[in-house]
>>> print(open('run39.txt').read())   # compact mmCIF, C-alpha atoms
# COMPACT_ATOMS: atom_id res chain seq x y z
CA MET A 1 1.24 -25.99 -4.16
CA HIS A 2 2.24 -24.66 -0.78
CA ARG A 3 4.69 -22.13 0.54
CA ILE A 4 7.89 -23.37 2.10
CA ILE A 5 9.46 -20.02 2.88
CA PRO A 6 6.76 -17.33 2.94
CA LEU A 7 7.94 -14.02 1.54
CA ARG A 8 5.91 -10.97 0.60
CA ILE A 9 7.34 -7.91 -1.06
CA GLY A 10 4.77 -5.17 -1.40
CA SER A 11 1.71 -6.76 -2.93
CA PHE A 12 3.72 -9.53 -4.54
CA ASP A 13 3.81 -12.99 -3.10
CA LEU A 14 7.36 -14.11 -3.69
CA SER A 15 7.23 -17.13 -1.40
CA TYR A 16 9.53 -20.00 -2.08
CA THR A 17 7.01 -22.69 -2.94
CA ASN A 18 7.40 -26.40 -3.54
CA ALA A 19 7.17 -25.63 -7.26
CA ALA A 20 10.20 -23.39 -6.94
CA LEU A 21 11.94 -26.09 -4.93
CA LEU A 22 11.33 -28.65 -7.67
CA MET A 23 12.66 -26.25 -10.29
CA THR A 24 15.74 -25.65 -8.17
CA ILE A 25 16.27 -29.39 -7.87
CA ALA A 26 15.87 -29.79 -11.64
CA VAL A 27 18.45 -27.08 -12.33
CA ILE A 28 20.88 -28.52 -9.80
CA LEU A 29 20.50 -32.03 -11.22
CA ILE A 30 21.06 -30.85 -14.80
CA THR A 31 24.09 -28.83 -13.79
CA ALA A 32 25.46 -31.75 -11.82
CA LEU A 33 24.86 -34.16 -14.69
CA THR A 34 26.60 -32.00 -17.27
CA LEU A 35 29.45 -30.83 -15.04
CA LEU A 36 30.28 -33.96 -13.09
CA SER A 37 29.97 -36.33 -16.01
CA THR A 38 32.35 -34.31 -18.17
CA ARG A 39 34.86 -33.51 -15.45
CA ARG A 40 36.73 -36.71 -15.97
CA ALA A 41 35.81 -37.06 -19.59
CA ALA A 42 37.13 -40.25 -21.10
CA LEU A 43 37.44 -41.29 -24.70
CA ILE A 44 35.31 -44.28 -23.92
CA PRO A 45 32.48 -42.70 -21.98
CA GLY A 46 31.17 -44.20 -18.79
CA ARG A 47 27.46 -44.36 -17.99
CA TRP A 48 27.01 -40.80 -16.81
CA GLN A 49 29.17 -39.34 -19.51
CA SER A 50 27.12 -41.30 -22.04
CA ILE A 51 23.91 -39.80 -20.72
CA ALA A 52 25.30 -36.28 -20.95
CA GLU A 53 26.77 -36.83 -24.40
CA MET A 54 23.66 -38.49 -25.76
CA SER A 55 21.42 -35.68 -24.62
CA TYR A 56 23.85 -33.15 -26.04
CA GLU A 57 24.00 -34.88 -29.39
CA PHE A 58 20.27 -35.47 -29.50
CA VAL A 59 19.53 -31.77 -29.12
CA ALA A 60 22.43 -30.73 -31.36
CA ASP A 61 21.11 -32.99 -34.13
CA MET A 62 17.62 -31.67 -33.65
CA VAL A 63 18.71 -28.04 -33.90
CA GLU A 64 20.99 -28.65 -36.84
CA SER A 65 18.53 -30.63 -38.91
CA ASN A 66 15.61 -28.31 -38.20
CA VAL A 67 17.18 -24.89 -38.18
CA GLY A 68 20.42 -25.46 -40.05
CA ARG A 69 23.91 -24.35 -39.21
CA GLU A 70 22.93 -20.78 -38.32
CA GLY A 71 20.62 -22.26 -35.74
CA MET A 72 23.50 -23.67 -33.77
CA ALA A 73 23.95 -20.20 -32.28
CA TYR A 74 20.73 -20.85 -30.39
CA PHE A 75 21.69 -24.38 -29.40
CA PRO A 76 22.44 -23.51 -25.75
CA PHE A 77 18.98 -22.09 -25.32
CA ILE A 78 17.20 -25.07 -26.88
CA PHE A 79 19.37 -27.48 -24.89
CA THR A 80 18.57 -25.70 -21.63
CA LEU A 81 14.89 -25.64 -22.50
CA PHE A 82 14.81 -29.32 -23.39
CA MET A 83 16.75 -30.47 -20.33
CA PHE A 84 14.75 -28.31 -17.97
CA ILE A 85 11.39 -29.51 -19.25
CA LEU A 86 12.60 -33.11 -19.34
CA PHE A 87 13.85 -33.02 -15.77
CA ALA A 88 10.81 -31.13 -14.49
CA ASN A 89 8.54 -33.70 -16.17
CA LEU A 90 10.47 -36.68 -14.86
CA LEU A 91 10.83 -35.29 -11.34
CA GLY A 92 7.09 -34.72 -11.29
CA LEU A 93 6.58 -38.47 -11.71
CA ILE A 94 8.25 -39.27 -8.41
CA PRO A 95 5.55 -39.89 -5.81
CA TYR A 96 5.05 -37.03 -3.33
CA SER A 97 6.92 -34.62 -5.55
CA PHE A 98 5.28 -31.91 -7.59
CA SER A 99 4.88 -31.52 -11.33
CA VAL A 100 6.05 -28.03 -12.17
CA THR A 101 5.15 -28.41 -15.83
CA GLY A 102 1.58 -29.21 -14.79
CA GLN A 103 1.22 -25.54 -13.89
CA ILE A 104 0.07 -23.50 -16.85
CA ILE A 105 1.85 -20.38 -15.68
CA VAL A 106 5.20 -22.18 -15.83
CA THR A 107 4.65 -23.59 -19.31
CA PHE A 108 3.21 -20.31 -20.51
CA ALA A 109 6.19 -18.38 -19.20
CA MET A 110 8.53 -20.66 -21.15
CA ALA A 111 6.37 -20.48 -24.28
CA ALA A 112 6.22 -16.70 -24.01
CA VAL A 113 10.00 -16.50 -23.81
CA VAL A 114 10.32 -18.67 -26.93
CA PHE A 115 7.67 -16.68 -28.79
CA THR A 116 9.06 -13.26 -27.88
CA GLY A 117 12.60 -14.35 -28.61
CA VAL A 118 11.73 -15.81 -31.99
CA THR A 119 9.75 -12.73 -32.97
CA ILE A 120 12.64 -10.45 -31.99
CA ILE A 121 15.10 -12.62 -33.92
CA GLY A 122 12.82 -12.45 -36.94
CA PHE A 123 12.62 -8.66 -36.83
CA VAL A 124 16.34 -8.28 -36.20
CA ARG A 125 17.27 -10.51 -39.11
CA HIS A 126 14.68 -9.34 -41.61
CA GLY A 127 13.52 -5.94 -40.38
CA LEU A 128 10.04 -4.95 -41.44
CA HIS A 129 10.32 -7.53 -44.18
CA PHE A 130 9.37 -9.99 -41.47
CA LEU A 131 5.80 -8.69 -41.67
CA ARG A 132 5.54 -10.17 -45.15
CA PHE A 133 5.05 -13.38 -43.22
CA PHE A 134 1.45 -12.44 -42.74
CA VAL A 135 0.69 -11.57 -46.33
CA PRO A 136 0.32 -14.60 -48.57
CA GLU A 137 1.49 -14.00 -52.10
CA GLY A 138 -0.64 -13.99 -55.22
CA VAL A 139 -3.90 -13.44 -53.38
CA PRO A 140 -6.50 -10.88 -54.49
CA ALA A 141 -6.70 -7.82 -52.27
CA LEU A 142 -10.26 -8.63 -51.26
CA LEU A 143 -9.25 -11.99 -49.79
CA LEU A 144 -6.34 -10.42 -47.95
CA VAL A 145 -8.87 -8.71 -45.69
CA ILE A 146 -9.80 -12.15 -44.40
CA LEU A 147 -6.50 -13.95 -44.76
CA VAL A 148 -4.23 -11.49 -42.98
CA PRO A 149 -6.20 -11.62 -39.71
CA ILE A 150 -6.20 -15.42 -39.90
CA GLU A 151 -2.45 -15.47 -40.43
CA VAL A 152 -1.82 -13.03 -37.61
CA LEU A 153 -4.09 -15.01 -35.32
CA SER A 154 -2.43 -18.30 -36.19
CA TYR A 155 0.90 -16.70 -35.40
CA PHE A 156 -0.19 -15.33 -32.04
CA ILE A 157 -1.76 -18.63 -31.07
CA ARG A 158 1.65 -20.30 -31.11
CA PRO A 159 2.69 -19.53 -27.51
CA PHE A 160 -0.71 -20.69 -26.28
CA THR A 161 -0.59 -24.02 -28.08
CA LEU A 162 2.98 -24.51 -26.94
CA ALA A 163 2.05 -23.83 -23.32
CA ILE A 164 -1.27 -25.67 -23.25
CA ARG A 165 0.10 -28.79 -24.93
CA LEU A 166 2.74 -29.38 -22.27
CA PHE A 167 0.52 -28.32 -19.40
CA ALA A 168 -2.50 -30.36 -20.50
CA ASN A 169 -0.48 -33.50 -21.08
CA MET A 170 1.16 -33.34 -17.69
CA LEU A 171 -2.07 -32.44 -15.92
CA ALA A 172 -4.06 -35.17 -17.67
CA GLY A 173 -1.46 -37.79 -16.83
CA HIS A 174 -1.29 -36.86 -13.19
CA THR A 175 -5.06 -36.67 -12.93
CA MET A 176 -5.36 -40.20 -14.32
CA LEU A 177 -2.78 -41.46 -11.86
CA GLY A 178 -4.63 -39.69 -9.07
CA ILE A 179 -8.02 -41.11 -10.06
CA PHE A 180 -6.78 -44.69 -10.11
CA ALA A 181 -4.95 -44.14 -6.85
CA GLY A 182 -8.28 -42.90 -5.47
CA PHE A 183 -9.95 -46.16 -6.56
CA ALA A 184 -7.23 -48.07 -4.81
CA ALA A 185 -7.98 -46.26 -1.56
CA ILE A 186 -11.60 -47.48 -1.40
CA LEU A 187 -11.36 -50.98 -2.86
CA GLY A 188 -9.69 -52.80 0.01
CA ILE A 189 -8.27 -56.12 -1.15
CA PHE A 190 -9.13 -55.44 -4.82
CA ALA A 191 -6.93 -52.36 -4.75
CA ILE A 192 -4.38 -54.46 -6.59
CA PHE A 193 -6.16 -53.78 -9.92
CA PRO A 194 -6.10 -49.97 -9.83
CA VAL A 195 -2.54 -50.12 -8.53
CA ALA A 196 -1.60 -52.31 -11.48
CA VAL A 197 -3.22 -49.78 -13.82
CA ASP A 198 -1.25 -47.04 -12.11
CA VAL A 199 1.98 -48.89 -12.67
CA LEU A 200 1.20 -49.20 -16.36
CA LEU A 201 0.11 -45.57 -16.52
CA LEU A 202 3.37 -44.55 -14.92
CA ALA A 203 5.22 -46.19 -17.79
CA LEU A 204 3.04 -44.29 -20.23
CA GLU A 205 3.68 -41.08 -18.33
CA LEU A 206 7.41 -41.66 -18.62
CA LEU A 207 6.98 -41.77 -22.39
CA VAL A 208 4.79 -38.67 -22.35
CA ALA A 209 7.27 -36.80 -20.15
CA VAL A 210 10.13 -37.39 -22.57
CA LEU A 211 7.99 -36.86 -25.64
CA GLN A 212 6.54 -33.58 -24.46
CA ALA A 213 9.99 -32.21 -23.73
CA TYR A 214 10.94 -33.27 -27.25
CA VAL A 215 7.84 -31.69 -28.77
CA PHE A 216 8.41 -28.41 -26.94
CA ALA A 217 12.02 -28.28 -28.06
CA ILE A 218 11.35 -29.25 -31.66
CA LEU A 219 8.54 -26.73 -32.02
CA SER A 220 10.84 -24.04 -30.68
CA CYS A 221 13.31 -25.16 -33.37
CA LEU A 222 10.66 -24.93 -36.08
CA TYR A 223 9.58 -21.47 -34.98
CA LEU A 224 13.23 -20.43 -34.92
CA ASN A 225 13.65 -21.83 -38.41
CA ASP A 226 10.73 -19.73 -39.63
CA ALA A 227 12.24 -16.60 -38.16
CA ILE A 228 15.73 -17.25 -39.52
CA HIS A 229 14.93 -18.49 -42.99
CA MET A 230 11.73 -16.85 -44.08
CA HIS A 231 10.34 -18.75 -46.99
CA MET B 232 54.29 -17.17 -21.55
CA VAL B 233 50.62 -16.80 -20.94
CA ALA B 234 48.31 -16.72 -23.95
CA LEU B 235 46.37 -13.47 -23.81
CA PRO B 236 43.06 -13.06 -25.60
CA GLU B 237 44.50 -10.29 -27.83
CA MET B 238 46.96 -12.70 -29.30
CA SER B 239 44.28 -14.65 -31.11
CA GLU B 240 44.76 -12.37 -34.15
CA ASP B 241 48.19 -13.84 -34.82
CA PRO B 242 48.54 -17.29 -36.31
CA PRO B 243 47.53 -19.42 -33.36
CA SER B 244 50.54 -20.44 -31.42
CA ASP B 245 49.09 -22.22 -28.46
CA PRO B 246 47.82 -25.74 -28.96
CA LEU B 247 44.30 -24.95 -27.80
CA ALA B 248 43.69 -22.36 -30.49
CA ARG B 249 45.10 -24.70 -33.12
CA LEU B 250 42.81 -27.42 -31.91
CA GLY B 251 39.90 -24.97 -32.10
CA GLU B 252 40.70 -24.18 -35.71
CA LYS B 253 40.99 -27.83 -36.59
CA LEU B 254 37.65 -28.51 -34.93
CA ASP B 255 36.01 -25.69 -36.85
CA LYS B 256 37.33 -27.06 -40.11
CA ALA B 257 36.18 -30.56 -39.31
CA ARG B 258 32.75 -29.29 -38.34
CA ALA B 259 32.35 -27.34 -41.54
CA GLN B 260 33.11 -30.44 -43.55
CA ARG B 261 30.75 -32.65 -41.65
CA VAL B 262 27.74 -33.58 -43.72
CA PRO B 263 24.53 -33.54 -41.75
CA VAL B 264 23.49 -37.12 -41.18
CA ARG B 265 20.03 -38.10 -42.23
CA LYS B 266 18.70 -40.70 -39.90
CA ALA B 267 16.51 -43.14 -41.72
CA GLY B 268 13.50 -45.13 -40.68
CA GLY B 269 12.63 -46.93 -37.47
CA ASN B 270 12.94 -45.05 -34.27
CA ALA B 271 13.08 -41.54 -35.68
CA GLY B 272 9.92 -42.14 -37.68
CA LEU B 273 7.99 -43.39 -34.68
CA GLN B 274 9.20 -40.51 -32.58
CA GLN B 275 8.17 -37.95 -35.14
CA GLY B 276 4.83 -39.61 -35.72
CA LEU B 277 4.04 -39.54 -32.03
CA ALA B 278 5.19 -35.96 -31.75
CA LEU B 279 3.01 -34.93 -34.67
CA GLY B 280 0.01 -36.80 -33.32
CA LEU B 281 0.29 -35.11 -29.96
CA ARG B 282 0.56 -31.76 -31.65
CA VAL B 283 -2.41 -31.51 -33.97
CA GLY B 284 -5.23 -32.10 -31.49
CA VAL B 285 -4.16 -29.35 -29.16
CA GLU B 286 -3.55 -27.06 -32.11
CA LEU B 287 -7.18 -27.11 -33.23
CA VAL B 288 -8.73 -26.72 -29.79
CA THR B 289 -6.40 -24.00 -28.57
CA ALA B 290 -6.92 -21.84 -31.63
CA VAL B 291 -10.69 -21.75 -31.10
CA VAL B 292 -10.46 -21.23 -27.34
CA VAL B 293 -7.83 -18.51 -27.49
CA ALA B 294 -9.57 -16.67 -30.30
CA GLY B 295 -12.91 -16.92 -28.49
CA ALA B 296 -11.43 -15.66 -25.22
CA LEU B 297 -9.73 -12.79 -27.01
CA GLY B 298 -12.96 -11.86 -28.73
CA TRP B 299 -14.84 -12.05 -25.45
CA ALA B 300 -12.32 -9.73 -23.81
CA ILE B 301 -12.51 -7.22 -26.65
CA ASP B 302 -16.29 -7.36 -26.48
CA ARG B 303 -16.27 -6.64 -22.79
CA TRP B 304 -13.87 -3.79 -23.31
CA LEU B 305 -15.78 -2.18 -26.18
CA GLY B 306 -19.26 -3.23 -25.10
CA THR B 307 -20.03 -4.81 -28.46
CA ARG B 308 -21.17 -8.19 -27.23
CA PRO B 309 -21.33 -10.63 -28.97
CA TRP B 310 -20.09 -9.51 -32.38
CA VAL B 311 -16.32 -9.44 -31.99
CA MET B 312 -16.38 -12.80 -30.27
CA LEU B 313 -18.37 -14.37 -33.09
CA VAL B 314 -15.99 -13.04 -35.72
CA MET B 315 -12.97 -14.10 -33.68
CA LEU B 316 -14.40 -17.59 -33.20
CA PHE B 317 -14.64 -18.11 -36.93
CA LEU B 318 -11.18 -16.69 -37.45
CA GLY B 319 -9.94 -18.98 -34.69
CA ILE B 320 -11.45 -22.04 -36.34
CA ALA B 321 -9.83 -21.04 -39.62
CA ALA B 322 -6.48 -20.41 -37.96
CA GLY B 323 -6.63 -23.71 -36.13
CA MET B 324 -7.41 -25.63 -39.31
CA LEU B 325 -4.61 -23.79 -41.07
CA ASN B 326 -2.12 -24.71 -38.34
CA VAL B 327 -3.19 -28.36 -38.40
CA TYR B 328 -3.01 -28.42 -42.18
CA ARG B 329 0.49 -26.98 -42.08
CA ALA B 330 1.64 -29.39 -39.40
CA VAL B 331 0.28 -32.39 -41.29
CA THR B 332 1.56 -31.43 -44.72
CA GLY B 333 5.01 -31.05 -43.24
CA MET B 334 5.39 -27.34 -43.80
CA GLY B 335 6.42 -27.10 -40.22
CA MET B 336 4.57 -24.38 -38.43
CA ALA B 337 5.37 -21.73 -40.95
CA VAL B 338 3.06 -18.81 -41.07
CA GLY B 339 2.53 -17.69 -44.63
CA TYR B 340 2.75 -19.79 -47.73
CA PRO B 341 5.99 -21.13 -49.11
CA ARG B 342 6.68 -19.67 -52.50
CA ARG B 343 8.25 -22.84 -53.78
CA GLN B 344 7.87 -26.50 -53.21
CA GLY B 345 10.04 -27.14 -50.22
CA PRO B 346 11.22 -30.58 -49.21
CA LYS B 347 8.59 -32.48 -47.31
CA GLY B 348 9.31 -33.24 -43.65
CA PRO B 349 10.76 -30.63 -41.34
CA THR B 350 13.80 -32.79 -40.68
CA GLU B 351 14.57 -33.27 -44.34
CA ARG B 352 15.11 -29.60 -44.89
CA PRO B 353 18.58 -29.05 -46.31
CA SER B 354 20.36 -26.82 -43.88
CA GLY B 355 22.35 -24.65 -46.24
CA LYS B 356 20.38 -24.32 -49.43
CA TRP B 357 16.99 -23.40 -48.10
CA ASP B 358 16.92 -19.96 -49.62
CA ASP B 359 18.67 -20.36 -52.93
CA ASP B 360 16.85 -23.06 -54.82
CA GLU B 361 14.50 -22.31 -57.68
CA GLU B 362 12.43 -19.16 -57.53
CA VAL B 363 8.84 -19.31 -58.70
>>> encode(input="run39.txt", output="structure tokens")
Amino acid sequence: MHRIIPLRIGSFDLSYTNAALLMTIAVILITALTLLSTRRAALIPGRWQSIAEMSYEFVADMVESNVGREGMAYFPFIFTLFMFILFANLLGLIPYSFSVTGQIIVTFAMAAVVFTGVTIIGFVRHGLHFLRFFVPEGVPALLLVILVPIEVLSYFIRPFTLAIRLFANMLAGHTMLGIFAGFAAILGIFAIFPVAVDVLLLALELLVAVLQAYVFAILSCLYLNDAIHMH
Amino acid sequence: MVALPEMSEDPPSDPLARLGEKLDKARAQRVPVRKAGGNAGLQQGLALGLRVGVELVTAVVVAGALGWAIDRWLGTRPWVMLVMLFLGIAAGMLNVYRAVTGMGMAVGYPRRQGPKGPTERPSGKWDDDEEV
């Protein structure tokens, strides 16, 4: 990560880095895809319109089947989240670019937004009743002393797992690519083998990039479902 | 005549509002489609597989780190960290168990037998089937 436009305000370093640049590109691309492809919307969609419609329907289906009809109110958020992570992941695979989602602070910021939002939605919809979440029913009072902390802990671990999963997968993938590229640099004529491995790994990374965006979005849906329909 | 927002109370006169109503009606009638087999199954299997490993590790690490921080703050090394580590292991196992048994990531225990997979959850009737 390096600074493109250095900027310091007080003790904060607000420089425009290459990470910020990649995020900007991702946002611009998503906006362009959704706006341009639907500007001349046709009944029989062209290629770009198909891409936009398929991603829309994919996320809409996911939200509806996991959260239910009430969840559709949060569809724009989940869609934005999914598209942003997907594009950030995919852009990171382009050589010489930068994988934003391989930075734990980025993934953690997104996970924290999901976690805080879901918790607030839970409290707004259920009030203090939401706290019943942490108290399993039909358990002797003595066991509650142990069980309630475990429940609370497993709830507060959510944003961390959400963040670390995405971050670790992206980091691991890029590290692997980097290691094999490093082999290629020292092997001379035999560099063809590590390069071949890298090509295969890149295909795997494509799968991981899409899958991790899906996992992040679907887990957000599941958390949302918990908050909306408490069991 | 320009359609003003306040006019939406009246029976919709402009074609757009009528179309909106029609769309709403059609949407309400649409039955959620259950996709069967093949691709969806693979996708969900992969997603689940990628989930559980991280779940277990993170729980222990986060709980341990939290315990370590509390210890440093209160000067009670190493007791809080030890307790938190065990709680973390338990919480991690619990999360994995929940993910694998298809309870989603729900905290707490469902009072009734819900449908199995997270995607098979009926959207409307989640709260009003049999009470136990």
>>> interface_residues(input="run39.txt", of="chain A", to="chain B", cutoff="6 Å", atoms="all atoms listed in the file", output="list in words")
Ser65, Asn66, Gly68, Phe133, Phe134, Pro136, Ile150, Ser154, Thr161, Val215, Asp226 and His231 of chain A
>>> write_last_selection(input="run39.txt", atoms="C-alpha atoms", output="PDB file, keeping the file's coordinate frame")
ATOM      1  CA  SER A  65      18.530 -30.630 -38.910  1.00  0.00           C
ATOM      2  CA  ASN A  66      15.610 -28.310 -38.200  1.00  0.00           C
ATOM      3  CA  GLY A  68      20.420 -25.460 -40.050  1.00  0.00           C
ATOM      4  CA  PHE A 133       5.050 -13.380 -43.220  1.00  0.00           C
ATOM      5  CA  PHE A 134       1.450 -12.440 -42.740  1.00  0.00           C
ATOM      6  CA  PRO A 136       0.320 -14.600 -48.570  1.00  0.00           C
ATOM      7  CA  ILE A 150      -6.200 -15.420 -39.900  1.00  0.00           C
ATOM      8  CA  SER A 154      -2.430 -18.300 -36.190  1.00  0.00           C
ATOM      9  CA  THR A 161      -0.590 -24.020 -28.080  1.00  0.00           C
ATOM     10  CA  VAL A 215       7.840 -31.690 -28.770  1.00  0.00           C
ATOM     11  CA  ASP A 226      10.730 -19.730 -39.630  1.00  0.00           C
ATOM     12  CA  HIS A 231      10.340 -18.750 -46.990  1.00  0.00           C
TER      13      HIS A 231
END
>>> residues_around(input="run39.txt", residues="Val118 (chain A)", least_positions_apart="2", cutoff="12 Å", atoms="all atoms listed in the file", output="VMD selection string")
chain A and resid 71 74 77 to 78 111 to 116 120 to 126 130 155 to 156 158 to 159 219 to 229
>>> closest_residue(input="run39.txt", among="A:Met62, A:Ile44, A:Ile164, A:Ile105", to="Gln212 (chain A)", atoms="all atoms listed in the file")
A:Ile164
>>> closest_residue(input="run39.txt", among="A:Leu33, A:Leu211, A:Ile157, A:Leu171", to="Arg47 (chain A)", atoms="only C-alpha atoms")
A:Leu33
>>> atom_distance(input="run39.txt", atom1="CA of Leu313 (chain B)", atom2="CA of Gly295 (chain B)")
7.6 Å
>>> atom_distance(input="run39.txt", atom1="CA of Ala19 (chain A)", atom2="CA of Gly102 (chain A)")
10.0 Å
>>> residues_near_point(input="run39.txt", point="(0.9, -26.3, -17.1)", cutoff="10 Å", atoms="all atoms listed in the file", output="mmCIF file with C-alpha atoms, in the coordinates of the input")
data_model
loop_
_atom_site.group_PDB
_atom_site.id
_atom_site.type_symbol
_atom_site.label_atom_id
_atom_site.label_comp_id
_atom_site.auth_asym_id
_atom_site.auth_seq_id
_atom_site.Cartn_x
_atom_site.Cartn_y
_atom_site.Cartn_z
ATOM 1 C CA SER A 99 4.880 -31.520 -11.330
ATOM 2 C CA VAL A 100 6.050 -28.030 -12.170
ATOM 3 C CA THR A 101 5.150 -28.410 -15.830
ATOM 4 C CA GLY A 102 1.580 -29.210 -14.790
ATOM 5 C CA GLN A 103 1.220 -25.540 -13.890
ATOM 6 C CA ILE A 104 0.070 -23.500 -16.850
ATOM 7 C CA ILE A 105 1.850 -20.380 -15.680
ATOM 8 C CA VAL A 106 5.200 -22.180 -15.830
ATOM 9 C CA THR A 107 4.650 -23.590 -19.310
ATOM 10 C CA PHE A 108 3.210 -20.310 -20.510
ATOM 11 C CA ALA A 109 6.190 -18.380 -19.200
ATOM 12 C CA ALA A 163 2.050 -23.830 -23.320
ATOM 13 C CA ILE A 164 -1.270 -25.670 -23.250
ATOM 14 C CA ARG A 165 0.100 -28.790 -24.930
ATOM 15 C CA LEU A 166 2.740 -29.380 -22.270
ATOM 16 C CA PHE A 167 0.520 -28.320 -19.400
ATOM 17 C CA ALA A 168 -2.500 -30.360 -20.500
ATOM 18 C CA ASN A 169 -0.480 -33.500 -21.080
ATOM 19 C CA MET A 170 1.160 -33.340 -17.690
ATOM 20 C CA LEU A 171 -2.070 -32.440 -15.920
#
>>> closest_residue(input="run39.txt", among="A:Ser97, A:Asn89, A:Ser50, A:Asn18", to="Tyr214 (chain A)", atoms="all atoms listed in the file")
A:Asn89
>>> atom_distance(input="run39.txt", atom1="CA of Phe180 (chain A)", atom2="CA of Met1 (chain A)")
21.2 Å
>>> closest_residue(input="run39.txt", among="A:Leu144, A:Met176, A:Ala209, A:Ala52", to="Gly92 (chain A)", atoms="all atoms listed in the file")
A:Ala209
>>> closest_residue(input="run39.txt", among="A:Leu206, A:Ala88, A:Ala181, A:Ile51", to="Pro194 (chain A)", atoms="all atoms listed in the file")
A:Ala181
>>> closest_residue(input="run39.txt", among="A:Ala217, A:Glu151, A:Ile189, A:Leu143", to="Val67 (chain A)", atoms="all atoms listed in the file")
A:Ala217
>>> decode(input="run39.txt", residues="region 73-124 of chain A", atoms="C-alpha atoms", output="short mmCIF file (atom, residue, chain, number, x, y, z; two decimals), in the first residue's frame")
data_model
loop_
_atom_site.label_atom_id
_atom_site.label_comp_id
_atom_site.auth_asym_id
_atom_site.auth_seq_id
_atom_site.Cartn_x
_atom_site.Cartn_y
_atom_site.Cartn_z
CA ALA A 73 -36.30 -3.81 2.81
CA TYR A 74 -32.60 -4.46 3.36
CA PHE A 75 -32.01 -5.73 -0.16
CA PRO A 76 -30.23 -2.57 -1.35
CA PHE A 77 -27.70 -2.89 1.43
CA ILE A 78 -26.99 -6.57 0.80
CA PHE A 79 -26.76 -5.96 -2.94
CA THR A 80 -24.29 -3.11 -2.46
CA LEU A 81 -22.26 -5.22 -0.07
CA PHE A 82 -22.18 -8.20 -2.39
CA MET A 83 -21.29 -6.21 -5.49
CA PHE A 84 -18.62 -4.20 -3.72
CA ILE A 85 -16.89 -7.25 -2.27
CA LEU A 86 -17.20 -9.12 -5.56
CA PHE A 87 -15.69 -6.30 -7.57
CA ALA A 88 -12.98 -5.60 -5.01
CA ASN A 89 -12.05 -9.30 -5.01
CA LEU A 90 -12.04 -9.59 -8.78
CA LEU A 91 -10.13 -6.34 -9.33
CA GLY A 92 -7.53 -7.57 -6.88
CA LEU A 93 -6.81 -10.50 -9.20
CA ILE A 94 -5.63 -8.24 -12.00
CA PRO A 95 -1.83 -8.20 -11.99
CA TYR A 96 -0.28 -5.02 -10.57
CA SER A 97 -3.53 -4.01 -8.95
CA PHE A 98 -4.20 -4.23 -5.26
CA SER A 99 -6.52 -6.47 -3.28
CA VAL A 100 -8.53 -4.21 -1.01
CA THR A 101 -10.31 -7.12 0.63
CA GLY A 102 -6.92 -8.55 1.59
CA GLN A 103 -6.67 -5.75 4.15
CA ILE A 104 -8.20 -6.77 7.44
CA ILE A 105 -9.21 -3.23 8.31
CA VAL A 106 -11.41 -3.04 5.20
CA THR A 107 -13.14 -6.36 5.82
CA PHE A 108 -13.48 -5.59 9.51
CA ALA A 109 -15.05 -2.23 8.79
CA MET A 110 -17.65 -3.91 6.58
CA ALA A 111 -18.26 -6.67 9.12
CA ALA A 112 -18.62 -4.10 11.90
CA VAL A 113 -21.22 -2.20 9.89
CA VAL A 114 -23.20 -5.42 9.33
CA PHE A 115 -22.91 -6.43 12.98
CA THR A 116 -23.87 -3.03 14.39
CA GLY A 117 -26.71 -2.65 11.93
CA VAL A 118 -28.12 -6.08 12.65
CA THR A 119 -27.90 -5.54 16.40
CA ILE A 120 -29.69 -2.19 16.11
CA ILE A 121 -32.39 -3.73 13.91
CA GLY A 122 -32.84 -6.49 16.47
CA PHE A 123 -33.26 -4.04 19.34
CA VAL A 124 -35.57 -1.78 17.33
#
